[in-house]
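Enquirer: File follows, input-v8.cif with mmCIF, C-alpha atoms:
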data_structure
loop_
_atom_site.label_atom_id
_atom_site.label_comp_id
_atom_site.auth_asym_id
_atom_site.auth_seq_id
_atom_site.Cartn_x
_atom_site.Cartn_y
_atom_site.Cartn_z
CA MET A 1 0.00 0.00 0.00
CA ARG A 2 1.34 3.42 -0.96
CA VAL A 3 1.08 6.24 1.58
CA ALA A 4 1.77 9.95 1.06
CA VAL A 5 2.16 12.71 3.63
CA ILE A 6 1.64 16.40 2.87
CA ASP A 7 3.03 18.75 5.52
CA SER A 8 3.36 21.90 3.40
CA ARG A 9 1.63 25.10 4.49
CA PRO A 10 -0.22 27.78 2.50
CA PRO A 11 2.36 30.46 1.56
CA LYS A 12 0.29 33.35 2.87
CA VAL A 13 -2.59 34.11 5.19
CA GLY A 14 -6.00 33.82 3.56
CA SER A 15 -9.55 32.61 4.04
CA LEU A 16 -10.68 29.15 5.08
CA LEU A 17 -11.56 28.32 1.47
CA ASP A 18 -8.16 29.60 0.30
CA ASN A 19 -6.72 27.00 2.65
CA ALA A 20 -8.94 24.29 1.13
CA ASP A 21 -7.90 25.24 -2.38
CA PHE A 22 -4.22 25.14 -1.41
CA TYR A 23 -4.50 21.60 -0.07
CA ALA A 24 -6.53 20.52 -3.12
CA VAL A 25 -3.61 21.60 -5.30
CA GLU A 26 -1.14 19.79 -3.04
CA ILE A 27 -3.28 16.64 -3.19
CA ALA A 28 -3.17 16.80 -6.98
CA ARG A 29 0.60 17.25 -6.83
CA ALA A 30 1.02 14.27 -4.50
CA CYS A 31 -1.01 12.10 -6.89
CA LYS A 32 0.73 13.25 -10.06
CA ALA A 33 3.80 10.99 -10.00
CA GLU A 34 2.49 7.97 -8.12
CA ARG A 35 -1.07 7.41 -7.02
CA PRO A 36 -1.19 6.80 -3.25
CA ASP A 37 -3.96 4.86 -1.56
CA VAL A 38 -4.06 7.41 1.26
CA ILE A 39 -2.73 10.93 1.83
CA VAL A 40 -2.16 12.13 5.39
CA LEU A 41 -2.45 15.81 6.36
CA PRO A 42 -1.34 17.36 9.69
CA GLU A 43 -3.17 18.26 12.86
CA HIS A 44 -5.89 20.94 12.48
CA PHE A 45 -4.60 21.71 8.97
CA ASN A 46 -7.79 23.70 8.34
CA THR A 47 -6.49 26.40 10.71
CA THR A 48 -3.12 26.83 9.00
CA GLN A 49 -2.60 30.37 7.65
CA VAL A 50 -6.34 31.07 8.00
CA LEU A 51 -7.56 34.53 8.90
CA GLY A 52 -10.66 34.48 11.08
CA ASP A 53 -12.97 31.59 11.87
CA SER A 54 -11.58 28.21 10.82
CA GLU A 55 -14.19 25.86 12.27
CA VAL A 56 -15.81 23.40 9.87
CA THR A 57 -18.76 21.02 9.95
CA ALA A 58 -19.07 17.62 8.30
CA ASP A 59 -21.23 19.11 5.52
CA SER A 60 -19.29 22.38 5.12
CA GLU A 61 -18.03 23.74 1.80
CA TYR A 62 -14.49 23.31 3.14
CA LEU A 63 -14.77 19.53 3.45
CA ARG A 64 -16.79 19.34 0.22
CA ARG A 65 -13.82 20.85 -1.64
CA LEU A 66 -11.41 18.39 -0.09
CA GLY A 67 -13.88 15.61 -0.85
CA HIS A 68 -13.98 16.69 -4.47
CA ALA A 69 -10.17 16.49 -4.60
CA ALA A 70 -10.21 13.02 -3.01
CA ASN A 71 -12.81 11.81 -5.49
CA ALA A 72 -11.07 13.38 -8.49
CA HIS A 73 -7.84 11.55 -7.67
CA ARG A 74 -9.45 8.42 -6.19
CA VAL A 75 -7.48 8.73 -2.96
CA ASN A 76 -8.35 8.52 0.74
CA LEU A 77 -7.50 11.51 2.94
CA VAL A 78 -6.67 11.47 6.66
CA GLY A 79 -5.94 14.48 8.86
CA SER A 80 -7.38 16.44 11.75
CA VAL A 81 -9.65 19.48 11.66
CA HIS A 82 -11.39 21.73 14.14
CA LEU A 83 -14.88 20.29 13.74
CA ARG A 84 -18.15 21.64 15.12
CA GLU A 85 -20.55 18.79 15.92
CA ASN A 86 -23.75 18.77 18.00
CA GLY A 87 -22.91 22.18 19.41
CA PHE A 88 -19.42 21.20 20.55
CA LEU A 89 -16.01 21.95 19.04
CA PHE A 90 -13.60 19.03 18.66
CA ASN A 91 -10.11 18.48 17.31
CA THR A 92 -11.12 15.60 15.08
CA GLY A 93 -9.24 13.08 13.02
CA ILE A 94 -11.21 12.43 9.85
CA LEU A 95 -11.16 9.97 6.97
CA ILE A 96 -12.44 11.20 3.60
CA ASN A 97 -12.80 8.22 1.28
CA ARG A 98 -12.16 7.91 -2.46
CA GLU A 99 -15.77 8.89 -3.15
CA GLY A 100 -15.16 12.17 -1.35
CA LYS A 101 -17.33 11.38 1.67
CA VAL A 102 -16.42 11.79 5.36
CA ALA A 103 -16.37 8.09 6.22
CA GLY A 104 -14.83 8.14 9.69
CA LYS A 105 -14.14 10.48 12.62
CA GLN A 106 -12.05 10.29 15.78
CA HIS A 107 -12.25 13.12 18.31
CA LYS A 108 -8.97 13.81 20.11
CA THR A 109 -9.17 12.16 23.53
CA HIS A 110 -6.13 13.71 25.26
CA LEU A 111 -6.12 17.49 25.03
CA ALA A 112 -2.83 19.31 25.39
CA THR A 113 -2.74 21.89 28.19
CA PRO A 114 -3.24 24.94 25.91
CA GLU A 115 -6.26 23.27 24.31
CA ALA A 116 -7.77 22.33 27.64
CA LEU A 117 -7.19 25.74 29.27
CA PHE A 118 -7.39 28.31 26.51
CA THR A 119 -9.76 26.97 23.84
CA LYS A 120 -13.33 25.77 23.66
CA ILE A 121 -12.29 22.37 22.32
CA THR A 122 -14.06 19.40 23.93
CA ARG A 123 -12.20 16.13 24.34
CA GLY A 124 -13.50 12.92 22.85
CA ASP A 125 -14.15 9.90 25.06
CA GLU A 126 -13.97 6.94 22.64
CA LEU A 127 -11.31 5.30 20.51
CA GLU A 128 -12.77 3.83 17.34
CA VAL A 129 -11.37 1.71 14.53
CA ILE A 130 -12.36 2.98 11.08
CA GLU A 131 -13.04 0.65 8.15
CA THR A 132 -11.42 1.66 4.85
CA ASP A 133 -10.89 0.05 1.46
CA PHE A 134 -7.27 -0.61 2.41
CA GLY A 135 -7.89 -2.07 5.87
CA LYS A 136 -8.85 -1.10 9.40
CA ILE A 137 -7.18 2.05 10.73
CA GLY A 138 -6.88 4.06 13.92
CA ILE A 139 -6.33 7.82 14.14
CA LEU A 140 -4.44 9.28 17.11
CA VAL A 141 -4.48 13.08 17.14
CA CYS A 142 -1.17 14.48 18.42
CA TRP A 143 -0.92 13.96 22.18
CA ASP A 144 -3.13 10.87 21.95
CA TYR A 145 -0.19 8.85 20.64
CA HIS A 146 1.91 9.63 23.74
CA PHE A 147 -0.30 7.23 25.70
CA PRO A 148 0.47 3.51 25.15
CA GLU A 149 -3.02 2.58 26.33
CA ALA A 150 -4.61 4.54 23.47
CA VAL A 151 -2.36 2.87 20.90
CA ARG A 152 -2.95 -0.58 22.32
CA THR A 153 -6.71 -0.09 22.54
CA LEU A 154 -6.92 0.65 18.82
CA VAL A 155 -4.72 -2.30 17.91
CA LEU A 156 -6.71 -4.66 20.12
CA LYS A 157 -9.87 -3.39 18.41
CA GLY A 158 -8.39 -4.47 15.09
CA ALA A 159 -6.51 -1.46 13.70
CA GLU A 160 -3.97 -2.60 11.10
CA MET A 161 -2.41 0.84 10.62
CA LEU A 162 -2.17 4.01 12.71
CA PHE A 163 -2.22 7.61 11.51
CA VAL A 164 -0.99 10.47 13.70
CA PRO A 165 -1.73 14.07 12.62
CA LEU A 166 0.22 16.24 15.07
CA ALA A 167 1.52 19.77 15.49
CA GLY A 168 5.01 18.50 16.42
CA ASP A 169 6.92 16.68 19.11
CA GLY A 170 9.52 18.51 21.21
CA ARG A 171 10.67 15.52 23.24
CA LEU A 172 14.14 13.94 23.19
CA ILE A 173 16.13 16.70 21.52
CA GLU A 174 19.43 15.51 20.03
CA ASN A 175 21.70 18.08 18.33
CA GLY A 176 18.71 20.38 17.94
CA ILE A 177 16.59 17.66 16.30
CA SER A 178 13.51 16.19 17.96
CA MET A 179 13.73 12.40 18.04
CA GLY A 180 10.37 11.93 19.77
CA ILE A 181 8.44 10.95 16.64
CA GLU A 182 11.11 8.56 15.36
CA TYR A 183 11.72 6.82 18.67
CA SER A 184 8.02 6.60 19.56
CA GLY A 185 7.04 5.59 16.04
CA LYS A 186 9.54 2.76 15.95
CA ALA A 187 8.46 1.58 19.40
CA ILE A 188 4.77 1.64 18.44
CA ALA A 189 5.43 -0.27 15.21
CA LEU A 190 7.68 -2.83 16.90
CA ASP A 191 5.44 -3.43 19.92
CA ASN A 192 2.18 -3.57 17.99
CA ARG A 193 3.23 -4.85 14.54
CA VAL A 194 1.52 -2.02 12.68
CA PRO A 195 2.80 0.77 10.40
CA VAL A 196 2.56 4.31 11.79
CA VAL A 197 2.33 7.51 9.74
CA PHE A 198 3.02 10.95 11.23
CA ALA A 199 2.02 14.24 9.55
CA VAL A 200 3.42 17.33 11.29
CA THR A 201 1.80 20.78 11.16
CA HIS A 202 5.03 22.67 11.85
CA ALA A 203 7.28 20.28 9.94
CA SER A 204 10.98 20.88 9.36
CA SER A 205 14.19 18.92 9.21
CA LYS A 206 14.29 19.25 13.00
CA ASN A 207 10.72 18.01 13.46
CA PRO A 208 9.84 15.93 10.37
CA SER A 209 6.83 13.96 9.25
CA MET A 210 7.54 10.27 8.94
CA ILE A 211 6.33 6.92 7.61
CA VAL A 212 7.36 3.93 9.75
CA ASP A 213 6.73 0.38 8.52
CA THR A 214 5.80 -2.77 10.42
CA LYS A 215 9.46 -3.65 10.96
CA ALA A 216 10.05 -0.27 12.65
CA GLN A 217 12.02 1.07 9.69
CA VAL A 218 11.64 4.71 8.63
CA VAL A 219 10.73 4.46 4.95
CA ALA A 220 10.25 8.20 4.36
CA LYS A 221 10.92 11.43 6.22
CA SER A 222 10.15 15.04 5.28
CA SER A 223 12.69 17.88 5.35
CA ASP A 224 12.98 21.64 5.00
CA HIS A 225 12.85 21.23 1.22
CA GLU A 226 10.55 18.25 0.74
CA HIS A 227 7.05 18.50 2.16
CA ILE A 228 5.41 15.71 0.20
CA ILE A 229 6.76 12.26 1.00
CA THR A 230 5.64 8.80 -0.09
CA GLY A 231 6.37 5.26 1.00
CA VAL A 232 5.10 1.73 0.61
CA VAL A 233 4.03 -0.27 3.66
CA ASP A 234 2.56 -3.74 4.04
CA THR A 235 0.09 -4.14 6.89
CA LYS A 236 0.18 -7.93 6.49
CA GLU A 237 3.95 -8.23 6.53
CA LYS A 238 5.31 -10.90 8.85
CA VAL A 239 7.98 -9.65 11.24
CA PHE A 240 9.13 -13.03 12.57
#
Just give me the structure of the file as structure tokens.
Expert:
Amino acid sequence: MRVAVIDSRPPKVGSLLDNADFYAVEIARACKAERPDVIVLPEHFNTTQVLGDSEVTADSEYLRRLGHAANAHRVNLVGSVHLRENGFLFNTGILINREGKVAGKQHKTHLATPEALFTKITRGDELEVIETDFGKIGILVCWDYHFPEAVRTLVLKGAEMLFVPLAGDGRLIENGISMGIEYSGKAIALDNRVPVVFAVTHASSKNPSMIVDTKAQVVAKSSDHEHIITGVVDTKEKVF
């Protein structure tokens, strides 16, 4: 299965729909050379470089535009957005399928301190496995993946692959480079026998996005100059 990560950012501040159009172009670019089965976008990517209100709903024009891009290129999309649902605001991992429909949602269950204290975001209280045309997946939004119990719960529920949209990880700094994602990603893959894909909002060579396969090998990593990465992983690969 081919996976792509897009961690580029709109070049200038604009409207919410400007943001949607930027990512639609990036999705087309990611699909131009090799057609991935799934593209992963970062945490709350709908707020990146957006002036004013960036909340969306499941039937909003914002997600319709991304759905159109997914359908046009026959690709699944995963990422997290600030989603308004039933009167509450959530930081929500979403799956948009190849038909362009929102086919799965996972509200962030572990809010970071700034979210809990200084925003109106409500935490989710369930961890759900999402069925896709390429297998069963789990979405862990940023801080969620720091908790082994959350990872293990999804795997025990049948998740064959984990996706982690996150703002970044400042743990375990070595020579100015954060090793938190790489060390944790390898540990998660090795302990649970599942690939893990990280898409970073504030990505750089010091805090890169990453694709880690079932054998805990990093198959792709973003950099200061490359913000679309691809890699092939096998969720059925035997490790012994």
Enquirer: Report the distance between atom CA of A:Thr214 and atom CA of A:Ala24 in Å, rounded to one decimal place.
Expert: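 Interatomic distance, atom CA of A:Thr214 to atom CA of A:Ala24: 29.6 Å.
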Enquirer: The PyMOL selection byres ((chain A and resi 73) around 8) on the file shown: which residues, as a list in words?
Expert: Ala28, Cys31, Arg35, Ala69, Ala70, Asn71, Ala72, Arg74, Val75 and Arg98 of chain A
Enquirer: For A:Asp191, work out the shell of residues within 12 Å, counting all atoms listed in the file and skipping chain neighbours fewer than 3 positions away, then give it as a list in words.
Expert: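 Selected residues are Pro148, Val151, Arg152, Val155, Ser184, Gly185, Lys186, Ala187, Ile188, Val194, Pro195, Val196, Thr214, Lys215, Ala216 and Val239 of chain A.
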Enquirer: For the provided coordinates, the residues matched by the PyMOL selection byres ((chain A and resi 26) around 12) should be stated as a VMD selection string.
Expert: chain A and resid 4 to 10 19 to 25 27 to 32 39 to 41 66 69 to 70 73 227 to 229
Enquirer: Please dump the current selection as an mmCIF file, in the coordinates of the input; keep C-alpha atoms.
Expert:
data_model
loop_
_atom_site.group_PDB
_atom_site.id
_atom_site.type_symbol
_atom_site.label_atom_id
_atom_site.label_comp_id
_atom_site.auth_asym_id
_atom_site.auth_seq_id
_atom_site.Cartn_x
_atom_site.Cartn_y
_atom_site.Cartn_z
ATOM 1 C CA ALA A 4 1.770 9.950 1.060
ATOM 2 C CA VAL A 5 2.160 12.710 3.630
ATOM 3 C CA ILE A 6 1.640 16.400 2.870
ATOM 4 C CA ASP A 7 3.030 18.750 5.520
ATOM 5 C CA SER A 8 3.360 21.900 3.400
ATOM 6 C CA ARG A 9 1.630 25.100 4.490
ATOM 7 C CA PRO A 10 -0.220 27.780 2.500
ATOM 8 C CA ASN A 19 -6.720 27.000 2.650
ATOM 9 C CA ALA A 20 -8.940 24.290 1.130
ATOM 10 C CA ASP A 21 -7.900 25.240 -2.380
ATOM 11 C CA PHE A 22 -4.220 25.140 -1.410
ATOM 12 C CA TYR A 23 -4.500 21.600 -0.070
ATOM 13 C CA ALA A 24 -6.530 20.520 -3.120
ATOM 14 C CA VAL A 25 -3.610 21.600 -5.300
ATOM 15 C CA ILE A 27 -3.280 16.640 -3.190
ATOM 16 C CA ALA A 28 -3.170 16.800 -6.980
ATOM 17 C CA ARG A 29 0.600 17.250 -6.830
ATOM 18 C CA ALA A 30 1.020 14.270 -4.500
ATOM 19 C CA CYS A 31 -1.010 12.100 -6.890
ATOM 20 C CA LYS A 32 0.730 13.250 -10.060
ATOM 21 C CA ILE A 39 -2.730 10.930 1.830
ATOM 22 C CA VAL A 40 -2.160 12.130 5.390
ATOM 23 C CA LEU A 41 -2.450 15.810 6.360
ATOM 24 C CA LEU A 66 -11.410 18.390 -0.090
ATOM 25 C CA ALA A 69 -10.170 16.490 -4.600
ATOM 26 C CA ALA A 70 -10.210 13.020 -3.010
ATOM 27 C CA HIS A 73 -7.840 11.550 -7.670
ATOM 28 C CA HIS A 227 7.050 18.500 2.160
ATOM 29 C CA ILE A 228 5.410 15.710 0.200
ATOM 30 C CA ILE A 229 6.760 12.260 1.000
#
Enquirer: At what distance in Å, to one decimal, does atom CA of A:Glu55 lie from atom CA of A:Leu83?
Expert: 5.8 Å
Enquirer: Work out how far apart atom CA of A:Glu126 and atom CA of A:Arg65 are and give it in Å to one decimal.
Expert: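 Value for the atom CA of A:Glu126-atom CA of A:Arg65 distance: 28.0 Å.
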Enquirer: Any chance you could build stretch 192-203 of chain A out to all heavy atoms and write it as a compact mmCIF listing (two decimals), keeping the file's coordinate frame?
Expert:
# COMPACT_ATOMS: atom_id res chain seq x y z
N ASN A 192 3.55 -3.26 18.40
CA ASN A 192 2.18 -3.57 17.99
C ASN A 192 2.07 -4.17 16.59
O ASN A 192 0.98 -4.54 16.16
CB ASN A 192 1.33 -2.29 18.05
CG ASN A 192 1.21 -1.75 19.45
OD1 ASN A 192 0.40 -2.23 20.24
ND2 ASN A 192 2.02 -0.76 19.79
N ARG A 193 3.18 -4.23 15.87
CA ARG A 193 3.23 -4.85 14.54
C ARG A 193 2.32 -4.14 13.55
O ARG A 193 1.64 -4.77 12.73
CB ARG A 193 2.86 -6.33 14.61
CG ARG A 193 3.64 -7.13 15.65
CD ARG A 193 5.13 -7.19 15.32
NE ARG A 193 5.82 -8.13 16.19
CZ ARG A 193 6.58 -7.77 17.23
NH1 ARG A 193 6.72 -6.49 17.52
NH2 ARG A 193 7.18 -8.69 17.96
N VAL A 194 2.32 -2.81 13.61
CA VAL A 194 1.52 -2.02 12.68
C VAL A 194 2.36 -0.86 12.14
O VAL A 194 3.20 -0.31 12.87
CB VAL A 194 0.24 -1.46 13.34
CG1 VAL A 194 -0.72 -2.57 13.72
CG2 VAL A 194 0.57 -0.58 14.54
N PRO A 195 2.16 -0.45 10.88
CA PRO A 195 2.80 0.77 10.40
C PRO A 195 2.19 1.99 11.08
O PRO A 195 1.03 1.97 11.48
CB PRO A 195 2.49 0.76 8.90
CG PRO A 195 1.98 -0.60 8.59
CD PRO A 195 1.36 -1.12 9.84
N VAL A 196 3.01 3.05 11.18
CA VAL A 196 2.56 4.31 11.79
C VAL A 196 2.97 5.45 10.87
O VAL A 196 4.13 5.50 10.42
CB VAL A 196 3.19 4.53 13.18
CG1 VAL A 196 2.48 5.67 13.89
CG2 VAL A 196 3.14 3.28 14.01
N VAL A 197 2.05 6.37 10.62
CA VAL A 197 2.33 7.51 9.74
C VAL A 197 2.08 8.80 10.51
O VAL A 197 1.00 9.00 11.07
CB VAL A 197 1.44 7.47 8.48
CG1 VAL A 197 1.79 8.63 7.55
CG2 VAL A 197 1.60 6.13 7.75
N PHE A 198 3.10 9.67 10.52
CA PHE A 198 3.02 10.95 11.23
C PHE A 198 3.01 12.10 10.22
O PHE A 198 3.86 12.15 9.32
CB PHE A 198 4.24 11.14 12.14
CG PHE A 198 4.37 10.11 13.22
CD1 PHE A 198 5.04 8.91 13.00
CD2 PHE A 198 3.82 10.32 14.47
CE1 PHE A 198 5.18 7.96 14.00
CE2 PHE A 198 3.94 9.37 15.48
CZ PHE A 198 4.62 8.18 15.24
N ALA A 199 2.07 13.03 10.37
CA ALA A 199 2.02 14.24 9.55
C ALA A 199 2.07 15.45 10.48
O ALA A 199 1.18 15.63 11.31
CB ALA A 199 0.75 14.27 8.71
N VAL A 200 3.12 16.27 10.34
CA VAL A 200 3.42 17.33 11.29
C VAL A 200 3.00 18.70 10.76
O VAL A 200 3.37 19.08 9.64
CB VAL A 200 4.93 17.33 11.62
CG1 VAL A 200 5.27 18.46 12.58
CG2 VAL A 200 5.34 15.99 12.21
N THR A 201 2.25 19.45 11.55
CA THR A 201 1.80 20.78 11.16
C THR A 201 2.97 21.73 10.96
O THR A 201 3.06 22.45 9.96
CB THR A 201 0.85 21.37 12.22
OG1 THR A 201 -0.15 20.41 12.54
CG2 THR A 201 0.21 22.65 11.73
N HIS A 202 3.88 21.76 11.93
CA HIS A 202 5.03 22.67 11.85
C HIS A 202 6.27 21.86 11.48
O HIS A 202 7.26 21.82 12.22
CB HIS A 202 5.22 23.40 13.18
CG HIS A 202 4.01 24.16 13.62
ND1 HIS A 202 3.56 25.28 12.95
CD2 HIS A 202 3.12 23.96 14.63
CE1 HIS A 202 2.47 25.74 13.54
NE2 HIS A 202 2.18 24.96 14.56
N ALA A 203 6.22 21.21 10.33
CA ALA A 203 7.28 20.28 9.94
C ALA A 203 8.54 21.01 9.49
O ALA A 203 8.50 22.08 8.90
CB ALA A 203 6.79 19.38 8.82
